[in-house]
Each structure stands twice: as structure tokens, then as C-alpha cells.
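Asks: Input structure: structure_19.tsv, which contains TSV, C-alpha atoms.
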chain	number	residue	atom	x	y	z
Q	1	MET	CA	13.86	-1.23	2.02
Q	2	PRO	CA	12.16	0.41	5.04
Q	3	ASN	CA	9.67	-2.44	5.22
Q	4	GLN	CA	10.88	-4.64	8.07
Q	5	SER	CA	10.94	-8.43	7.95
Q	6	ARG	CA	10.26	-8.62	11.69
Q	7	PRO	CA	6.75	-9.98	12.34
Q	8	LYS	CA	4.30	-7.08	12.66
Q	9	VAL	CA	2.70	-8.46	15.86
Q	10	LYS	CA	6.05	-8.67	17.70
Q	11	LYS	CA	7.01	-5.25	16.42
Q	12	SER	CA	3.65	-3.87	17.58
Q	13	ARG	CA	4.13	-5.26	21.08
Q	14	ALA	CA	7.71	-3.99	21.29
Q	15	LEU	CA	6.62	-0.45	20.35
Q	16	GLY	CA	3.37	-0.47	22.31
Q	17	ILE	CA	1.12	0.27	19.31
Q	18	ALA	CA	-0.88	-1.94	16.94
Q	19	LEU	CA	0.63	-1.49	13.47
Q	20	THR	CA	-1.96	-3.57	11.59
Q	21	PRO	CA	-5.62	-4.49	12.17
Q	22	LYS	CA	-4.51	-8.10	12.65
Q	23	ALA	CA	-2.11	-7.02	15.39
Q	24	VAL	CA	-4.88	-5.36	17.40
Q	25	LYS	CA	-6.35	-8.56	18.88
Q	26	TYR	CA	-2.93	-10.02	19.67
Q	27	PHE	CA	-1.85	-6.74	21.22
Q	28	GLU	CA	-4.97	-6.59	23.39
Q	29	ALA	CA	-4.27	-10.10	24.68
Q	30	ARG	CA	-0.57	-9.44	25.36
Q	31	PRO	CA	-0.02	-5.70	25.86
Q	32	TYR	CA	3.63	-6.06	26.83
Q	33	PRO	CA	6.88	-6.47	24.87
Q	34	PRO	CA	7.69	-9.89	23.36
Q	35	GLY	CA	10.22	-12.28	24.89
Q	36	GLU	CA	10.52	-14.00	28.25
Q	37	HIS	CA	11.34	-10.73	30.03
Q	38	GLY	CA	8.59	-8.76	28.31
Q	39	ARG	CA	6.52	-8.30	31.48
Q	40	GLY	CA	9.48	-7.34	33.67
Q	41	ARG	CA	10.03	-3.84	34.97
Q	42	LYS	CA	12.61	-1.96	32.95
Q	43	GLN	CA	14.60	1.15	33.71
Q	44	ASN	CA	13.94	3.76	31.04
Q	45	SER	CA	16.48	6.51	30.47
Q	46	ASP	CA	15.42	9.82	28.89
Q	47	TYR	CA	17.30	8.78	25.76
Q	48	LYS	CA	15.48	5.45	25.57
Q	49	VAL	CA	12.08	7.11	25.97
Q	50	ARG	CA	12.83	9.53	23.13
Q	51	LEU	CA	14.29	6.80	20.95
Q	52	LEU	CA	11.20	4.62	21.44
Q	53	GLU	CA	8.90	7.50	20.49
Q	54	LYS	CA	10.92	8.13	17.33
Q	55	GLN	CA	10.77	4.43	16.45
Q	56	ARG	CA	7.00	4.39	17.06
Q	57	LEU	CA	6.48	7.27	14.64
Q	58	ARG	CA	8.79	5.68	12.07
Q	59	ALA	CA	6.95	2.37	12.30
Q	60	GLN	CA	3.53	3.93	11.77
Q	61	TYR	CA	4.71	5.32	8.44
Q	62	ASP	CA	7.03	2.35	7.70
Q	63	ILE	CA	9.93	4.59	6.73
Q	64	SER	CA	13.71	4.34	7.04
Q	65	GLU	CA	15.81	6.35	9.48
Q	66	ARG	CA	17.18	8.36	6.58
Q	67	GLN	CA	13.68	9.30	5.38
Q	68	MET	CA	12.72	10.24	8.94
Q	69	ALA	CA	15.79	12.47	9.37
Q	70	ARG	CA	15.06	14.22	6.06
Q	71	ALA	CA	11.47	14.85	7.08
Q	72	TYR	CA	12.72	16.31	10.37
Q	73	ASP	CA	15.10	18.63	8.53
Q	74	ARG	CA	12.22	19.92	6.39
Q	75	ALA	CA	9.98	20.30	9.46
Q	76	LYS	CA	12.62	22.45	11.19
Q	77	LYS	CA	12.31	25.00	8.38
Q	78	ALA	CA	8.51	25.13	8.56
Q	79	GLU	CA	6.53	27.69	10.53
Q	80	GLY	CA	5.06	26.71	13.88
Q	81	LYS	CA	6.01	23.80	16.11
Q	82	THR	CA	8.60	21.47	14.61
Q	83	GLY	CA	6.98	18.34	16.03
Q	84	GLU	CA	3.58	19.09	14.52
Q	85	ALA	CA	5.20	20.06	11.22
Q	86	LEU	CA	7.06	16.73	11.21
Q	87	VAL	CA	3.87	14.67	11.54
Q	88	VAL	CA	2.14	16.77	8.86
Q	89	GLU	CA	5.18	16.29	6.60
Q	90	LEU	CA	4.96	12.50	6.98
Q	91	GLU	CA	1.19	12.48	6.56
Q	92	ARG	CA	1.50	14.10	3.12
Q	93	ARG	CA	3.36	11.04	1.82
Q	94	LEU	CA	1.46	9.33	-0.98
Q	95	ASP	CA	1.45	5.91	0.70
Q	96	ALA	CA	0.11	7.41	3.95
Q	97	LEU	CA	-2.79	9.11	2.17
Q	98	VAL	CA	-3.65	6.00	0.13
Q	99	LEU	CA	-4.01	4.25	3.49
Q	100	ARG	CA	-6.11	7.03	5.06
Q	101	SER	CA	-8.45	7.12	2.06
Q	102	GLY	CA	-9.53	3.50	2.60
Q	103	ILE	CA	-8.00	2.26	-0.65
Q	104	ALA	CA	-5.52	0.16	1.35
Q	105	ARG	CA	-5.87	-1.72	4.65
Q	106	THR	CA	-2.35	-1.17	5.99
Q	107	VAL	CA	0.59	1.11	5.28
Q	108	TYR	CA	2.47	-1.95	3.98
Q	109	GLN	CA	-0.26	-2.64	1.42
Q	110	SER	CA	-0.49	1.02	0.37
Q	111	ARG	CA	3.29	1.16	-0.15
Q	112	GLN	CA	3.07	-1.94	-2.36
Q	113	MET	CA	0.23	-0.42	-4.39
Q	114	VAL	CA	2.31	2.67	-5.08
Q	115	VAL	CA	5.57	0.83	-5.82
Q	116	HIS	CA	3.83	-1.51	-8.26
Q	117	GLY	CA	2.57	1.43	-10.29
Q	118	HIS	CA	-1.15	1.20	-9.52
Q	119	ILE	CA	-1.54	4.82	-8.38
Q	120	GLU	CA	-1.80	8.08	-10.32
Q	121	VAL	CA	-1.55	11.67	-9.10
Q	122	ASN	CA	-3.27	14.23	-11.32
Q	123	GLY	CA	-3.41	11.65	-14.12
Q	124	LYS	CA	0.27	10.70	-14.02
Q	125	LYS	CA	1.64	7.43	-12.64
Q	126	VAL	CA	3.64	7.85	-9.44
Q	127	ASP	CA	5.55	4.87	-8.04
Q	128	LYS	CA	7.38	6.63	-5.18
Q	129	PRO	CA	5.69	6.10	-1.80
Q	130	SER	CA	7.53	9.16	-0.46
Q	131	PHE	CA	5.93	11.46	-3.09
Q	132	ARG	CA	4.52	14.46	-1.20
Q	133	VAL	CA	0.91	15.17	-2.10
Q	134	ARG	CA	-0.07	18.84	-2.26
Q	135	PRO	CA	-3.46	20.43	-1.57
Q	136	ASN	CA	-5.88	19.96	-4.51
Q	137	ASP	CA	-3.90	17.01	-5.89
Q	138	VAL	CA	-6.21	14.22	-7.06
Q	139	VAL	CA	-5.06	10.65	-6.46
Q	140	THR	CA	-6.66	7.74	-8.33
Q	141	VAL	CA	-6.13	4.05	-8.97
Q	142	ARG	CA	-5.04	3.51	-12.57
Q	143	GLU	CA	-7.75	2.24	-14.89
Q	144	ARG	CA	-5.80	-0.90	-15.80
Q	145	SER	CA	-5.44	-1.85	-12.10
Q	146	ARG	CA	-9.04	-1.49	-10.94
Q	147	ALA	CA	-10.08	-5.07	-11.65
Q	148	LYS	CA	-7.47	-6.43	-9.22
Q	149	HIS	CA	-8.87	-7.99	-6.05
Q	150	PRO	CA	-7.55	-5.47	-3.46
Q	151	PHE	CA	-9.09	-2.57	-5.36
Q	152	GLN	CA	-12.40	-4.40	-5.74
Q	153	VAL	CA	-12.42	-4.86	-1.96
Q	154	ALA	CA	-11.59	-1.17	-1.46
Q	155	MET	CA	-14.33	-0.12	-3.89
Q	156	ALA	CA	-16.85	-2.08	-1.84
Q	157	GLY	CA	-15.68	-0.29	1.32
Q	158	GLY	CA	-13.82	-3.32	2.66
Q	159	TYR	CA	-10.97	-1.27	4.14
Q	160	ALA	CA	-12.91	1.88	5.04
Q	161	GLY	CA	-14.09	0.39	8.32
Q	162	GLU	CA	-10.56	0.34	9.74
Q	163	GLY	CA	-10.84	4.01	10.70
Q	164	GLU	CA	-12.63	7.29	9.98
Q	165	THR	CA	-11.66	9.22	6.87
Q	166	PRO	CA	-9.76	12.35	7.96
Q	167	ARG	CA	-11.40	15.69	7.21
Q	168	TYR	CA	-8.56	16.84	4.99
Q	169	LEU	CA	-9.46	14.21	2.37
Q	170	GLN	CA	-12.39	14.09	-0.05
Q	171	VAL	CA	-12.80	10.40	-0.88
Q	172	ASN	CA	-14.87	8.63	-3.54
Q	173	LEU	CA	-14.24	4.90	-3.08
Q	174	GLN	CA	-16.61	3.98	-5.91
Q	175	ALA	CA	-14.27	5.87	-8.23
Q	176	LEU	CA	-11.17	4.71	-6.28
Q	177	ALA	CA	-10.14	8.34	-6.01
Q	178	PHE	CA	-9.48	11.03	-3.42
Q	179	ARG	CA	-8.33	14.63	-3.19
Q	180	LEU	CA	-6.21	16.32	-0.55
Q	181	ASP	CA	-8.32	19.39	0.22
Q	182	ARG	CA	-5.78	21.12	2.45
Q	183	ASP	CA	-2.75	20.49	4.61
Q	184	PRO	CA	-3.61	18.16	7.50
Q	185	ASN	CA	-3.94	19.43	11.06
Q	186	ARG	CA	-1.88	17.53	13.65
Q	187	LYS	CA	-4.99	16.90	15.79
Q	188	GLU	CA	-6.74	15.25	12.82
Q	189	ILE	CA	-3.91	12.86	11.98
Q	190	PRO	CA	-4.59	9.38	13.43
Q	191	VAL	CA	-1.04	8.74	14.60
Q	192	ILE	CA	-0.08	7.80	18.16
Q	193	CYS	CA	2.95	9.87	19.04
Q	194	ASP	CA	4.33	12.49	21.42
Q	195	GLU	CA	6.11	14.34	18.65
Q	196	GLN	CA	7.89	16.67	21.10
Q	197	LEU	CA	9.93	13.69	22.31
Q	198	VAL	CA	10.90	12.98	18.69
Q	199	VAL	CA	12.07	16.57	18.28
Q	200	GLU	CA	14.10	16.25	21.50
Q	201	TYR	CA	15.66	13.04	20.17
Q	202	TYR	CA	16.92	14.76	17.00
Q	203	ALA	CA	17.88	17.99	18.79
Q	204	ARG	CA	20.14	16.20	21.31
Can the structure in the file be given as C-alpha cells, please?
Replies:
Amino acid sequence: MPNQSRPKVKKSRALGIALTPKAVKYFEARPYPPGEHGRGRKQNSDYKVRLLEKQRLRAQYDISERQMARAYDRAKKAEGKTGEALVVELERRLDALVLRSGIARTVYQSRQMVVHGHIEVNGKKVDKPSFRVRPNDVVTVRERSRAKHPFQVAMAGGYAGEGETPRYLQVNLQALAFRLDRDPNRKEIPVICDEQLVVEYYAR
């Protein structure tokens, strides 16, 4: 499974980004890599810089290396800049959009919601987090799942405060539903990444 067992706080500090809301306060207090040599000066090769950027992007979507490489291959065939196309490709994943909508608090929780069969796309159950949502697709929480605690919290707006809803989504939290209006724009996607370095990593 792509989901790593490594503690999210340590992983956040190693990558230089907060991967969960809980990690934010720890990361602010210790904004350097974990371990006794975390504060030391390190020599960074070009390869290491590109590798770290690729790992940062992977971690923000909680995907495997294989899934990342496949997304890159699809992005290469798209029009425009490959790096921007790659981030848009990842953002169209069902688990990513469940997170952005405010139905889940973290990408780990949104993945679990999808895998456990709580999510429908256009009225049909979808349990693959990697499912690519298309413009005008409507995503909802299944009727039988709505009484569960996480969805009650989401309905009350409990996760919506973690970030602004992107403009490419129309969200109705009271109905536990959202629609992808159009393909996302790279500038609108709340992901911390220099995607050109990721492209350079795969093009080496």
C-alpha cells in the first residue's frame, strides 16, 4: 500500500512540508529534518534535490512510485507543460478531490473513505482512490454511510476550515456532495512543489 507506516510528523520534517494539520504545529517548532544530525548542513547534489521534490509531491498525494511514474507518462502526452499536467493529473484523483472538498481532513482519511466504499461517482460506488474524476462528475457520500461520525463532522464543516475550497469544485457539504466543474489550473492546486524538478528527475 502507498500509505506509509512512518510517523507523519517525522515524514513531514524530512520532506520540509506539513502533511497533516496535526503536523503543522510540530513542524513549526522543529522546521528541520528528524534525527540527531537534522540541523546539520548537508551537501545537496542536483539528483538529491530533484529526488526530494519528487518525494514531496508523492507524499502530498500519498501515492506509490509506480502510480507516480504512470501519472508522469500520461502527463508527457498531454498538451502544455509536462510538470503542470502532472500535478493536474494527480489532482483529478478521487481521493485528492474528496480531501479538497472538505469531506475529509487528510489525504489518508480520504483514501480510507474511498477504499471502504463510502463514496459514489455519478451514483455508482467507486472504491479506487486512483479513479480519475472528469469535469461534470458528481461525487457524493453514499446514503448508508452518512450517519458515520467522520461524515457528520464534515457535514457540519468540521474539515472545511483546513483550507479554502478550490475554484474548480462546486461543494455542498450539507449534502456531502461536490462536482468537478472543470479541469484544475496548476496555480489553483494547493500543492507545494516545483514540478519542473520532478520532470527533470524522470527525464534524467
Asks: Figure out the distance between CA of Val141 (chain Q) and CA of Gly117 (chain Q), please, to one decimal in Å.
Replies: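 CA of Val141 (chain Q) lies at a distance of 9.2 Å from CA of Gly117 (chain Q).
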Asks: Counting all atoms listed in the file, which of Q:Arg105, Q:Arg204, Q:Arg134, Q:His116 gets nearest to Arg93 (chain Q)?
Replies: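 Among the listed residues, Q:Arg134 lies closest to Arg93 (chain Q).
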Asks: Could you pull the residues within 10 Å of Pro190 (chain Q), counting all atoms listed in the file, minus those fewer than 5 positions along the same chain, as a JSON list (two decimals) with C-alpha atoms, in the frame of the given file?
Replies:
[["chain", "number", "residue", "atom", "x", "y", "z"],
["Q", 60, "GLN", "CA", 3.53, 3.93, 11.77],
["Q", 91, "GLU", "CA", 1.19, 12.48, 6.56],
["Q", 100, "ARG", "CA", -6.11, 7.03, 5.06],
["Q", 163, "GLY", "CA", -10.84, 4.01, 10.70],
["Q", 164, "GLU", "CA", -12.63, 7.29, 9.98],
["Q", 165, "THR", "CA", -11.66, 9.22, 6.87],
["Q", 166, "PRO", "CA", -9.76, 12.35, 7.96]]
Asks: Excluding Glu53 (chain Q) and any residue of its chain fewer than 2 positions from it, enumerate the residues within 8 Å of it, using all atoms listed in the file, and give them as a PyMOL selection string.
Replies: chain Q and resi 49-51+55-57+193-195+197-198
Asks: Okay, now the selection with C-alpha atoms, as a short mmCIF file (atom, residue, chain, number, x, y, z; two decimals), keeping the file's coordinate frame?
Replies:
data_model
loop_
_atom_site.label_atom_id
_atom_site.label_comp_id
_atom_site.auth_asym_id
_atom_site.auth_seq_id
_atom_site.Cartn_x
_atom_site.Cartn_y
_atom_site.Cartn_z
CA VAL Q 49 12.08 7.11 25.97
CA ARG Q 50 12.83 9.53 23.13
CA LEU Q 51 14.29 6.80 20.95
CA GLN Q 55 10.77 4.43 16.45
CA ARG Q 56 7.00 4.39 17.06
CA LEU Q 57 6.48 7.27 14.64
CA CYS Q 193 2.95 9.87 19.04
CA ASP Q 194 4.33 12.49 21.42
CA GLU Q 195 6.11 14.34 18.65
CA LEU Q 197 9.93 13.69 22.31
CA VAL Q 198 10.90 12.98 18.69
#
Asks: Residues at most 12 Å from Pro184 (chain Q), counting all atoms listed in the file, excluding those fewer than 6 positions away in the same chain, as a list in words?
Replies: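 Surrounding residues, per the criterion: Glu84, Ala85, Leu86, Val87, Val88, Glu89, Leu90, Glu91, Arg92, Arg93, Ala96, Leu97, Arg100, Val133, Arg134, Pro135, Pro166, Arg167, Tyr168, Leu169 and Pro190 of chain Q.
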Asks: May I ask which of the residues Q:Gln112, Q:Thr82, Q:Gln67, Q:Gln174 is the closest one to Gly158 (chain Q), counting all atoms listed in the file?
Replies: Q:Gln174
Asks: Using all atoms listed in the file, which protein or nucleic acid residues come within 10 Å of Ser101 (chain Q)? Drop anything in the same chain fewer than 6 positions from it, and give the result as a list in words.
Replies: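 Everything that qualifies: Val139, Ala154, Tyr159, Ala160, Gly163, Glu164, Thr165, Pro166, Leu169, Gln170, Val171, Asn172, Leu173, Leu176, Ala177, Phe178, Arg179 and Leu180 of chain Q.
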Asks: Work out how far apart CA of Arg66 (chain Q) and CA of Gly16 (chain Q) are and give it in Å to one decimal.
Replies: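 Computing it gives 22.7 Å between the two atoms.
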Asks: Please measure the separation of CA of Asp127 (chain Q) and CA of Val114 (chain Q), giving the value in Å to one decimal.
Replies: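 Computing it gives 4.9 Å between the two atoms.
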Asks: Can you list, as a list of chain:residue names, every protein, DNA or RNA residue that comes within 10 Å of Val115 (chain Q) when you count only C-alpha atoms, leaving out same-chain residues fewer than 3 positions away?
Replies: Q:Asp95, Q:Gln109, Q:Ser110, Q:Arg111, Q:Gln112, Q:His118, Q:Ile119, Q:Val126, Q:Asp127, Q:Lys128, Q:Pro129
Asks: With all atoms listed in the file as the basis for distance, which of Q:Leu52, Q:Ala69, Q:Val138, Q:Ala14 is at the shortest distance from Ala203 (chain Q)?
Replies: Q:Ala69
Asks: Between Q:Ala78, Q:Ala175, Q:Val191, Q:Ile103, which one has atoms that come closest to Phe151 (chain Q), using only C-alpha atoms?
Replies: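 Counting only C-alpha atoms, the residue closest to Phe151 (chain Q) is Q:Ile103.
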Asks: Tell me which of Q:Pro150, Q:Thr106, Q:Ala71, Q:Leu94 sits closest to Lys125 (chain Q), counting only C-alpha atoms.
Replies: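 Closest residue, counting only C-alpha atoms: Q:Leu94.
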